Amino acid sequence: FLTCMRATAQVPPRAQTASGANASPATRATSPAAQAAISPATLAAIATATPPDRAVAPLLYLASDRLKGRFVGRPEIDTAALYIADQFRSAGARPVPGATGYFQYFTHHFNPNAIDSGSPAQDIHLRNVIAFIPGTDPRLRDQYIILSSHYDHLGVTAHSRVEEGKLDSIYNGARDNASGTTAIIDAARYFGKHPAKRSVAFICYTAEEEGLIGSEWYGEHPLI
């Protein structure tokens with residue numbers, strides 16, 4: 001979220017001009033870069049809501065060896081879910097009606113072992129993490145913008161290999177998708193201080209590495 005917001009601020013002057021009063025309707029309609037330009041005041045508000053060290057902290061934690069790759073069916077992914085929920089709570093995001101606190105629980109029957117073969121299919125208890133910040137406009141607050149990521153990853157392999165000069169067995173999942181989940185947490189922090197006209201929902205799906213299970217479940221059982 002921070003990267004995207006800052007990147008869109010780096011719009012060339014020519015593109016910025018296209019959004020001005022002198023631009024033709026055609027130019028205004030076909031210049032998404034110009035329309036996406038973020039004001040310095042908004043960038044300052046983002047920086048205040050999420051200073052760099054605080055902004056990156058969820059990434060460092062979720063991708064740490066302590067969470068052992070956030071694999072479904074293991075206790076570490078439950079630790080991750082509790083952490084994300086606590087971050088949403090601290091940001092001022094609310095539980096969604098119909099959820100159990102900040103969680104959408106469900107059970108899915110599948111083979112939970114994506115790395116090492118041989119595991120039988122079984123019932124796995126799962127949970128999506130979900131929260132929202134209500135909109136400020138009475139006419140628009142029933143419309144929701146959903147910001148989502150997935151917080152699971154591939155866990156630990158039984159077949160270690162050398163990475164960066166040392167033997168490693170943990171798939172930490174920093175890019176896939178602790179970084180995306182961190183962006184969702186940082187967005188919740190921002191919108192918690194600067195609510196939008198529309199409501200904003202934050203959903204961190206589980207079991208996406210196993211075949212988009214968490215998002216499919218939410219799509220079939222939407223809480224919003």
# chains A, B, ... in the order shown; residues from 1 in each chain; ligands from 1
$ residues_around --residues "A:Pro95" --least-positions-apart "4" --cutoff "9 Å" --atoms "only C-alpha atoms" --output "list in words"
Phe88, Arg89, Ala99, Thr100, Gly101, Tyr102, Phe103, Ile130, Ala131, Phe132 and Ile133 of chain A
$ residues_around --residues "A:Arg175" --least-positions-apart "4" --cutoff "12 Å" --atoms "only C-alpha atoms" --output "list in words"
Leu59, Leu60, Leu62, Ala63, Gly69, Ser149, His150, Tyr151, Asp152, His153, Tyr171, Ser179, Gly180, Thr181, Thr182 and Ala183 of chain A
$ select_by_dssp --residues "stretch 137-213 of chain A" --states "strand (DSSP E)" --output "ChimeraX atom specification"
/A:144-150,155-163,166-171,199-205
$ atom_distance --atom1 "atom CA of A:Phe110" --atom2 "atom CA of A:Tyr218"
17.1 Å
$ closest_residue --among "A:Arg141, A:Lys197, A:Arg161, A:His125" --to "A:Gln104" --atoms "only C-alpha atoms"
A:His125
$ select_by_dssp --residues "stretch 86-184 of chain A" --states "alpha helix (DSSP H)" --output "list in words"
Asp86, Gln87, Phe88, Arg89, Ser90, Ala91, Ser179, Gly180, Thr181, Thr182, Ala183 and Ile184 of chain A
$ closest_residue --among "A:Thr206, A:Tyr61, A:Asn177, A:Leu154" --to "A:Asp78" --atoms "only C-alpha atoms"
A:Thr206
$ atom_distance --atom1 "atom CA of A:Lys68" --atom2 "atom CA of A:Asp86"
19.7 Å
$ closest_atom_pairs --of "stretch 60-142 of chain A" --to "stretch 220-223 of chain A" --cutoff "8 Å" --atoms "only C-alpha atoms" --output "CSV"
residue,atom,partner,partner_atom,distance
A:Val96,CA,A:Leu223,CA,7.1
A:Pro97,CA,A:Leu223,CA,7.1
A:Gly98,CA,A:Leu223,CA,6.1
A:Ala99,CA,A:Leu223,CA,7.1
$ write_last_selection --atoms "C-alpha atoms" --output "mmCIF file, in the first residue's frame"
data_model
loop_
_atom_site.group_PDB
_atom_site.id
_atom_site.type_symbol
_atom_site.label_atom_id
_atom_site.label_comp_id
_atom_site.auth_asym_id
_atom_site.auth_seq_id
_atom_site.Cartn_x
_atom_site.Cartn_y
_atom_site.Cartn_z
ATOM 1 C CA VAL A 96 -17.462 -7.738 10.551
ATOM 2 C CA PRO A 97 -21.002 -8.730 11.556
ATOM 3 C CA GLY A 98 -21.392 -12.467 11.066
ATOM 4 C CA ALA A 99 -17.761 -13.242 11.844
#
$ closest_residue --among "A:Tyr83, A:Lys193, A:Glu216, A:Ile224" --to "A:Ala57" --atoms "only C-alpha atoms"
A:Tyr83
$ closest_residue --among "A:Glu210, A:Ile185, A:Val200, A:Pro75" --to "A:Val56" --atoms "only C-alpha atoms"
A:Ile185
$ closest_residue --among "A:Ser215, A:Thr157, A:Thr42, A:Arg70" --to "A:Asp176" --atoms "only C-alpha atoms"
A:Arg70
$ atom_distance --atom1 "atom CA of A:Thr79" --atom2 "atom CA of A:Ala91"
18.5 Å
$ residues_around --residues "stretch 134-136 of chain A" --least-positions-apart "5" --cutoff "9 Å" --atoms "only C-alpha atoms" --output "list in words"
Ala93, Arg94, Arg141, Asp142, Gln143, Tyr144, Pro195, Ala196, Lys197, Arg198, Ser199, Val200 and Ala201 of chain A
$ write_last_selection --atoms "C-alpha atoms" --output "mmCIF file, in the first residue's frame"
data_model
loop_
_atom_site.group_PDB
_atom_site.id
_atom_site.type_symbol
_atom_site.label_atom_id
_atom_site.label_comp_id
_atom_site.auth_asym_id
_atom_site.auth_seq_id
_atom_site.Cartn_x
_atom_site.Cartn_y
_atom_site.Cartn_z
ATOM 1 C CA ALA A 93 -10.745 -1.765 12.386
ATOM 2 C CA ARG A 94 -13.909 -3.477 13.601
ATOM 3 C CA ARG A 141 -20.906 3.684 3.568
ATOM 4 C CA ASP A 142 -22.891 0.614 2.450
ATOM 5 C CA GLN A 143 -20.468 0.257 -0.464
ATOM 6 C CA TYR A 144 -17.295 -1.630 0.432
ATOM 7 C CA PRO A 195 -11.622 6.928 7.124
ATOM 8 C CA ALA A 196 -12.801 6.931 3.538
ATOM 9 C CA LYS A 197 -16.293 7.867 2.355
ATOM 10 C CA ARG A 198 -16.948 4.210 1.561
ATOM 11 C CA SER A 199 -16.376 1.415 4.016
ATOM 12 C CA VAL A 200 -13.087 -0.438 3.652
ATOM 13 C CA ALA A 201 -12.840 -4.155 4.408
#
